[in-house]
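Scroll down for the structure; my scribbles are underneath it.
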Protein chains: 2
Amino acid sequence: MAARPHGVAADAGAGSPVPSSPLAAAANRLLEGRRLILASNRGPVSFSASADGTLRPRRGSGGVVTALSQVSGQVPLTWVAAAMSDADRRAAGDHDLLDRSTPQADLRLRFATVPRSTFEAAYNVIANPLLWFLQHEMWNLPERPMVGQGTRRAWREGYVKLNAAFAAEVLAQVPRRDRAPRIMLHDYHLYLAAEPIRAARPEAVLSHFTHIPWPPSSLWQVMPPEIREAVCRGLLANDVVGFQTARYGHNFMRSVESFLPDATVDYRRRVVTRGGHRTAVRAYPISIDVAATRRVASSLAARRRAEELLASSSEKVIVRVDRLEPSKNILRGFIAFEALLDRQPSLRDRVTFLAFLVPSRTSIGEYRDYGRKVRDVADRLNARFGRAGRQVVRIFYENNYPQALAGLAIADLVLVNPLIDGMNLVAKEAVVVSERDAAIVLSETAGAYDQMADGVLSVAPADLVGTAEAMARGLAMPREERRARLERLRSGVEREDVRWWLQRQLDDLGRVVARRPVRPRR
Amino acid sequence: MAARPHGVAADAGAGSPVPSSPLAAAANRLLEGRRLILASNRGPVSFSASADGTLRPRRGSGGVVTALSQVSGQVPLTWVAAAMSDADRRAAGDHDLLDRSTPQADLRLRFATVPRSTFEAAYNVIANPLLWFLQHEMWNLPERPMVGQGTRRAWREGYVKLNAAFAAEVLAQVPRRDRAPRIMLHDYHLYLAAEPIRAARPEAVLSHFTHIPWPPSSLWQVMPPEIREAVCRGLLANDVVGFQTARYGHNFMRSVESFLPDATVDYRRRVVTRGGHRTAVRAYPISIDVAATRRVASSLAARRRAEELLASSSEKVIVRVDRLEPSKNILRGFIAFEALLDRQPSLRDRVTFLAFLVPSRTSIGEYRDYGRKVRDVADRLNARFGRAGRQVVRIFYENNYPQALAGLAIADLVLVNPLIDGMNLVAKEAVVVSERDAAIVLSETAGAYDQMADGVLSVAPADLVGTAEAMARGLAMPREERRARLERLRSGVEREDVRWWLQRQLDDLGRVVARRPVRPRR
């Protein structure tokens with residue numbers, strides 16, 4: 001997703017609640033009068049301290065928060081997030097402050113709180129470098145990762161404890177007499193939270209959704225058994241585990257089969273059984289809030305920016321929008337563009353490549369190195385092909401969501417060529433905001449490809465020649481064909497939007513409830 | 001396999017032909033009076049030119065040649081290999097010379113010949129960097145591979161043409177009236193050879209065996225469709241495709257399902273059907289020639305070297321034998337040893353780590369860089385823990401097979417911790433030559449692990465702590481337990497040796513023949 005500045009995300013999140021929507025109906029059916037409990041690393045609000053020490057709430061940002069915010073305003077919701085900063089940790093105990101700070105009356109925020117060093121170990125040693133790189137297949141395996149004592153300690157003293165704190169805070173939110181609370185856990189920070197919750201409330205209705213890819217089991221196999229087994233076991237404490245695509249779900253089942261000899265996998269029914277407990281493995285491709293995306297794209301700020309961008313670009317505009325992140329394959333995108341300009345010199349004066357790159361994880365060395373290489377290649381292209389006052393590649397290195405949508409709106413071609421990507425929402429955003437019938441070039445290895453294959457120009461991410469050819473084909477494609485492709489894609493994105501993503505999860509949890517033997521509530 | 005110097009390999013290869021062996025019987029059943037035709041990149045003999053231009057034959061080396069040599073001497077065999085040098089290309093046309101140069105009368109050598117630049121493109125652009133790295137999951141994906149015009153050209157003008165030359169040479173060896181020649185193709189250099197052979201002889205009985213891992217399809221997915229589809233299609237022209245383990249076979253079937261929509265995969269029966277043709281997918285774990293290995297280990301040279309090594313080492317000896325190759329995970333092995341010495345200072349004077357590292361592919365930058373890092377870490381360990389005149393890590397950087405077996409013979413612990421490995425024969429060699437009841441530490445990600453799990457100490461290759469712990473456990477293990485483990489392993493290796501590997505392939509090809517409708521031979 002085009003990363004959003006604070007504020008816009010919350011706007012998008014709170015957008016268009018329709019009380020009688022199918023989503024609200026599914027939620028109400030599932031909850032039977034309860035509050036829904038949701039847990040994710042980031043929450044709808046975080047805090048900062050002003051100079052005098054006063055705690056100030058800030059709307060949360062990021063794709064997961066934006067997607068999950070769909071459910072708030074529809075049903076009574078308790079959202080447990082990690083206290084990520086000292087200000088969050090201070091706010092954690094002040095429930096009045098937390099209750100006042102959320103954007104909706106029926107949204108209750110609570111923090112899972114651990115000491116700073118515990119959180120840092122979980123987040124900056126395990127989740128973001130280790131699990132993120134593993135699950136995005138980004139390790140240079142001969143040299144990384146080196147899972148030594150430090151990593152083992154960060155696992156035990158950081159990740160495990162943060163998950164335990166999440167479980168404790170979730171349980172603290174469950175009314176004493178509720179034997180079967182409805183709980184949704186989200187993403188790779190929380191693989192271990194379900195097990196202690198299940199232990200305390202054996203009848204809890206629990207789901208986990210992994211927003212990032214689940215790689216083949218051979219990648220998990222290089223990791224210490226202690227870690228990979230705990231992750232698989234932890235996930236199997238849920239009733240439903242969701243992934244972005246069926247392929248990731250399959251990889252998960254293969255991992256379970258490889259690492260947990262006491263689990264039984266039924267690939268056809270997509271069910272894993274372990275210790276008498278049954279876990280359904282499902283695919284829920286995430287999407288965008290179409291109306292909210294269009295609202296931002298048609299804002300005055302975005303409109304003005306679109307005009308400026310168009311005025312300062314050549315006749316044809318290629319656009320990419322990405323966090324500056326190695327898995328996004330930005331480097332090969334530029335090199336393929338260079339190959340295109342080498343092959344078709346006539347394009348050199350006719351095409352501008354606008355790259356909206358959002359700063360990301362600049363504390364991780366690999367990200368900084370990658371960013372430098374990206375800028376070096378852009379400089380090379382401009383040195384080779386630029387004219388006085390006009391660059392062929394322009395990098396916008398900032399978190400500016402309306403500007404990014406403005407770029408997508410005016411694009412003739414949108415390049416989305418990640419090496420691997422859980423979903424990739426930029427491709428879906430481009431579909432709904434495009435004003436010049438953009439051709440969309442999309443990696444087969446993005447989760448979004450499974451839904452969008454019949455409207456995009458596909459590329460294999462390491463294939464520079466194929467990527468250059470796809471760009472050439474997209475730029476040369478007659479407008480009618482581009483429009484027909486976009487229309488197909490648009491109807492898909494409108495139908496399978498973020499509410500559809502959430503509703504299907506709620507429906508499946510409802511099925512879990514329906515399968516349970518009926519027991520009177522205490 | 002411990003890399004063998006020229007000469008030893010051929011000895012091992014020609015070792016102990018038993019005319020009435022089950023292997024010979026299987027071959028004779030299959031062949032029905034024909035010659036077996038075998039194709040692999042390296043052959044049983046290669047040529048060099050002496051100063052006066054005379055061509056001199058040299059026995060071939062390498063694991064594939066050693067394994068395949070089992071069949072020569074047992075049945076009439078025609079072996080087609082690549083002409084890898086100018087001398088080979090000169091020798092290719094002189095069939096008398098070729099016929100005189102093979103170690104057995106009934107072994108006929110022929111060369112598949114392409115111009116030098118064609119071979120170099122196939123071998124040094126496609127096979128060894130691209131396919132090897134891909135199949136060993138060794139790419140640092142954000143930056144490699146960059147599959148540009150040069151790679152595409154090397155594919156079309158190198159790899160495709162070399163495979164066509166192999167097919168043509170194989171076909172030239174088939175008697176005109178033989179509708180169903182028996183042909184075995186070997187390894188990742190020859191993925192495309194079966195298709196043209198099948199086109200010319202639709203009833204040919206064809207197998208292909210991949211000696212290296214077959215990775216998950218998501219790794220192939222980053223490659224140009226042209227390449228990954230051609231590889232899958234090419235393999236499906238065989239009647240049987242063999243892999244080292246069932247897991248690699250499964251990965252292959254998933255790749256076919258992902259990339260060839262016109263193929264049908266039956267995972268349970270392990271059969272792929274495409275265009276009316278049926279391909280069985282089988283696992284044949286390769287092994288060693290037990291008698292030949294023991295013969296070298298008990299040679300005078302090896303015995304003497306064993307005594308010297310023992311005399312110059314500390315009380316306990318850890319040994320590893322590997323090509324100096326990033327997939328072998330040598331770096332983490334040393335770092336784990338360092339962690340062990342940090343944790344158990346008493347071991348510092350009591351353990352010597354002997355690393356027999358065989359030079360390999362020094363023309364590839366990644367290999368040179370990796371070698372430097374390996375030596376740097378060894379230097380660090382010696383600076384930290386060495387005493388005057390005694391190093392804790394000694395590197396033997398040479399191709400000296402008797403010395404490597406001598407090392408394995410005297411080891412108290414053999415470390416085999418590859419990141420990934422098609423099979424890894426060092427683990428099997430250690431089992432049969434060990435004289436001090438070595439404990440064997442083995443990566444779960446080595447193909448050999450599937451057969452050896454119940455006798456080894458297993459490690460996950462990125463797990464430094466686990467690797468250090470396995471070494472500590474192995475060094476402290478009572479001799480009776482080590483002996484009991486080795487005895488279990490030994491009976492497995494003796495039973496499932498290299499002849500067993502080959503015989504099972506011949507038996508399965510025999511089943512292909514049996515399934516064919518009976519047609520009178522012309």
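Residue numbering restarts at 1 in every chain; chains get A, B, ... in the order shown in the structure tokens, and ligands count up from 1 in that same order.
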Rows by chain and residue number, chain B within 8 Å of chain A, shortest pair, only C-alpha atoms, as a tab-separated table:
residue	atom	partner	partner_atom	distance
B:Glu137	CA	A:Leu141	CA	7.5
B:Met138	CA	A:Leu141	CA	5.9
B:Trp139	CA	A:Asn140	CA	6.1
B:Asn140	CA	A:Asn140	CA	4.3
B:Leu141	CA	A:Met138	CA	5.9
B:Pro142	CA	A:Pro326	CA	5.4
B:Glu143	CA	A:Leu331	CA	7.7
B:Arg144	CA	A:Ala462	CA	7.6
B:Pro145	CA	A:Ala462	CA	6.2
B:Met146	CA	A:Ala462	CA	5.7
B:Val147	CA	A:Asp463	CA	5.0
B:Gly148	CA	A:Leu464	CA	5.0
B:Gln149	CA	A:Val465	CA	6.2
B:Pro216	CA	A:Pro216	CA	6.4
B:Ser218	CA	A:Thr445	CA	7.6
B:Gln221	CA	A:Ala460	CA	6.4
B:Val222	CA	A:Ala460	CA	4.9
B:Met223	CA	A:Ala462	CA	5.7
B:Pro224	CA	A:Asp463	CA	5.2
B:Pro225	CA	A:Ala460	CA	7.1
B:Pro326	CA	A:Pro142	CA	5.4
B:Ser327	CA	A:Pro142	CA	6.2
B:Asn329	CA	A:Pro142	CA	6.2
B:Leu331	CA	A:Glu143	CA	7.6
B:Arg332	CA	A:Met146	CA	7.4
B:Leu419	CA	A:Val222	CA	7.1
B:Glu444	CA	A:Gln221	CA	7.5
B:Thr445	CA	A:Gln221	CA	7.0
B:Val459	CA	A:Pro224	CA	7.9
B:Ala460	CA	A:Val222	CA	4.9
B:Pro461	CA	A:Val222	CA	5.0
B:Ala462	CA	A:Val222	CA	5.1
B:Asp463	CA	A:Val147	CA	5.0
B:Leu464	CA	A:Gly148	CA	5.0
B:Val465	CA	A:Gly148	CA	5.4
B:Gly466	CA	A:Pro224	CA	6.9
Please provide the set of residues having any atom within 9 Å of Leu502 in chain B, restricted to only C-alpha atoms, with same-chain residues fewer than 2 positions apart removed, written as a count of residues only. 15
State, in Å with one decimal place, the distance from CA of Ala87 in chain B to CA of Asn41 in chain B. 15.6 Å
So that I can check the secondary structure, give me every residue of range 23-247 of chain A assigned alpha helix (DSSP H) by backbone DSSP, as number ranges by chain. A: 23-31, 63-68, 86-92, 95-101, 116-120, 132-135, 149-153, 160-172, 194-200, 217-220, 225-236, 246-247
Would you kindly return, as number ranges by chain, each protein, DNA or RNA residue with an atom no farther than 6 Å from any atom of Val240 in chain A, considering only C-alpha atoms and excluding same-chain residues fewer than 3 positions away? A: 207, 279-281
What's around Val319 in chain B at 12 Å? Count only C-alpha atoms, leave out sequence neighbours fewer than 2 positions away in its own chain, and write the answer as a PyMOL selection string. chain B and resi 309-310+313+316-317+321-322+330+333-334+337+351-357+392-396+403-417+426-427+430+434+438-441+471+475
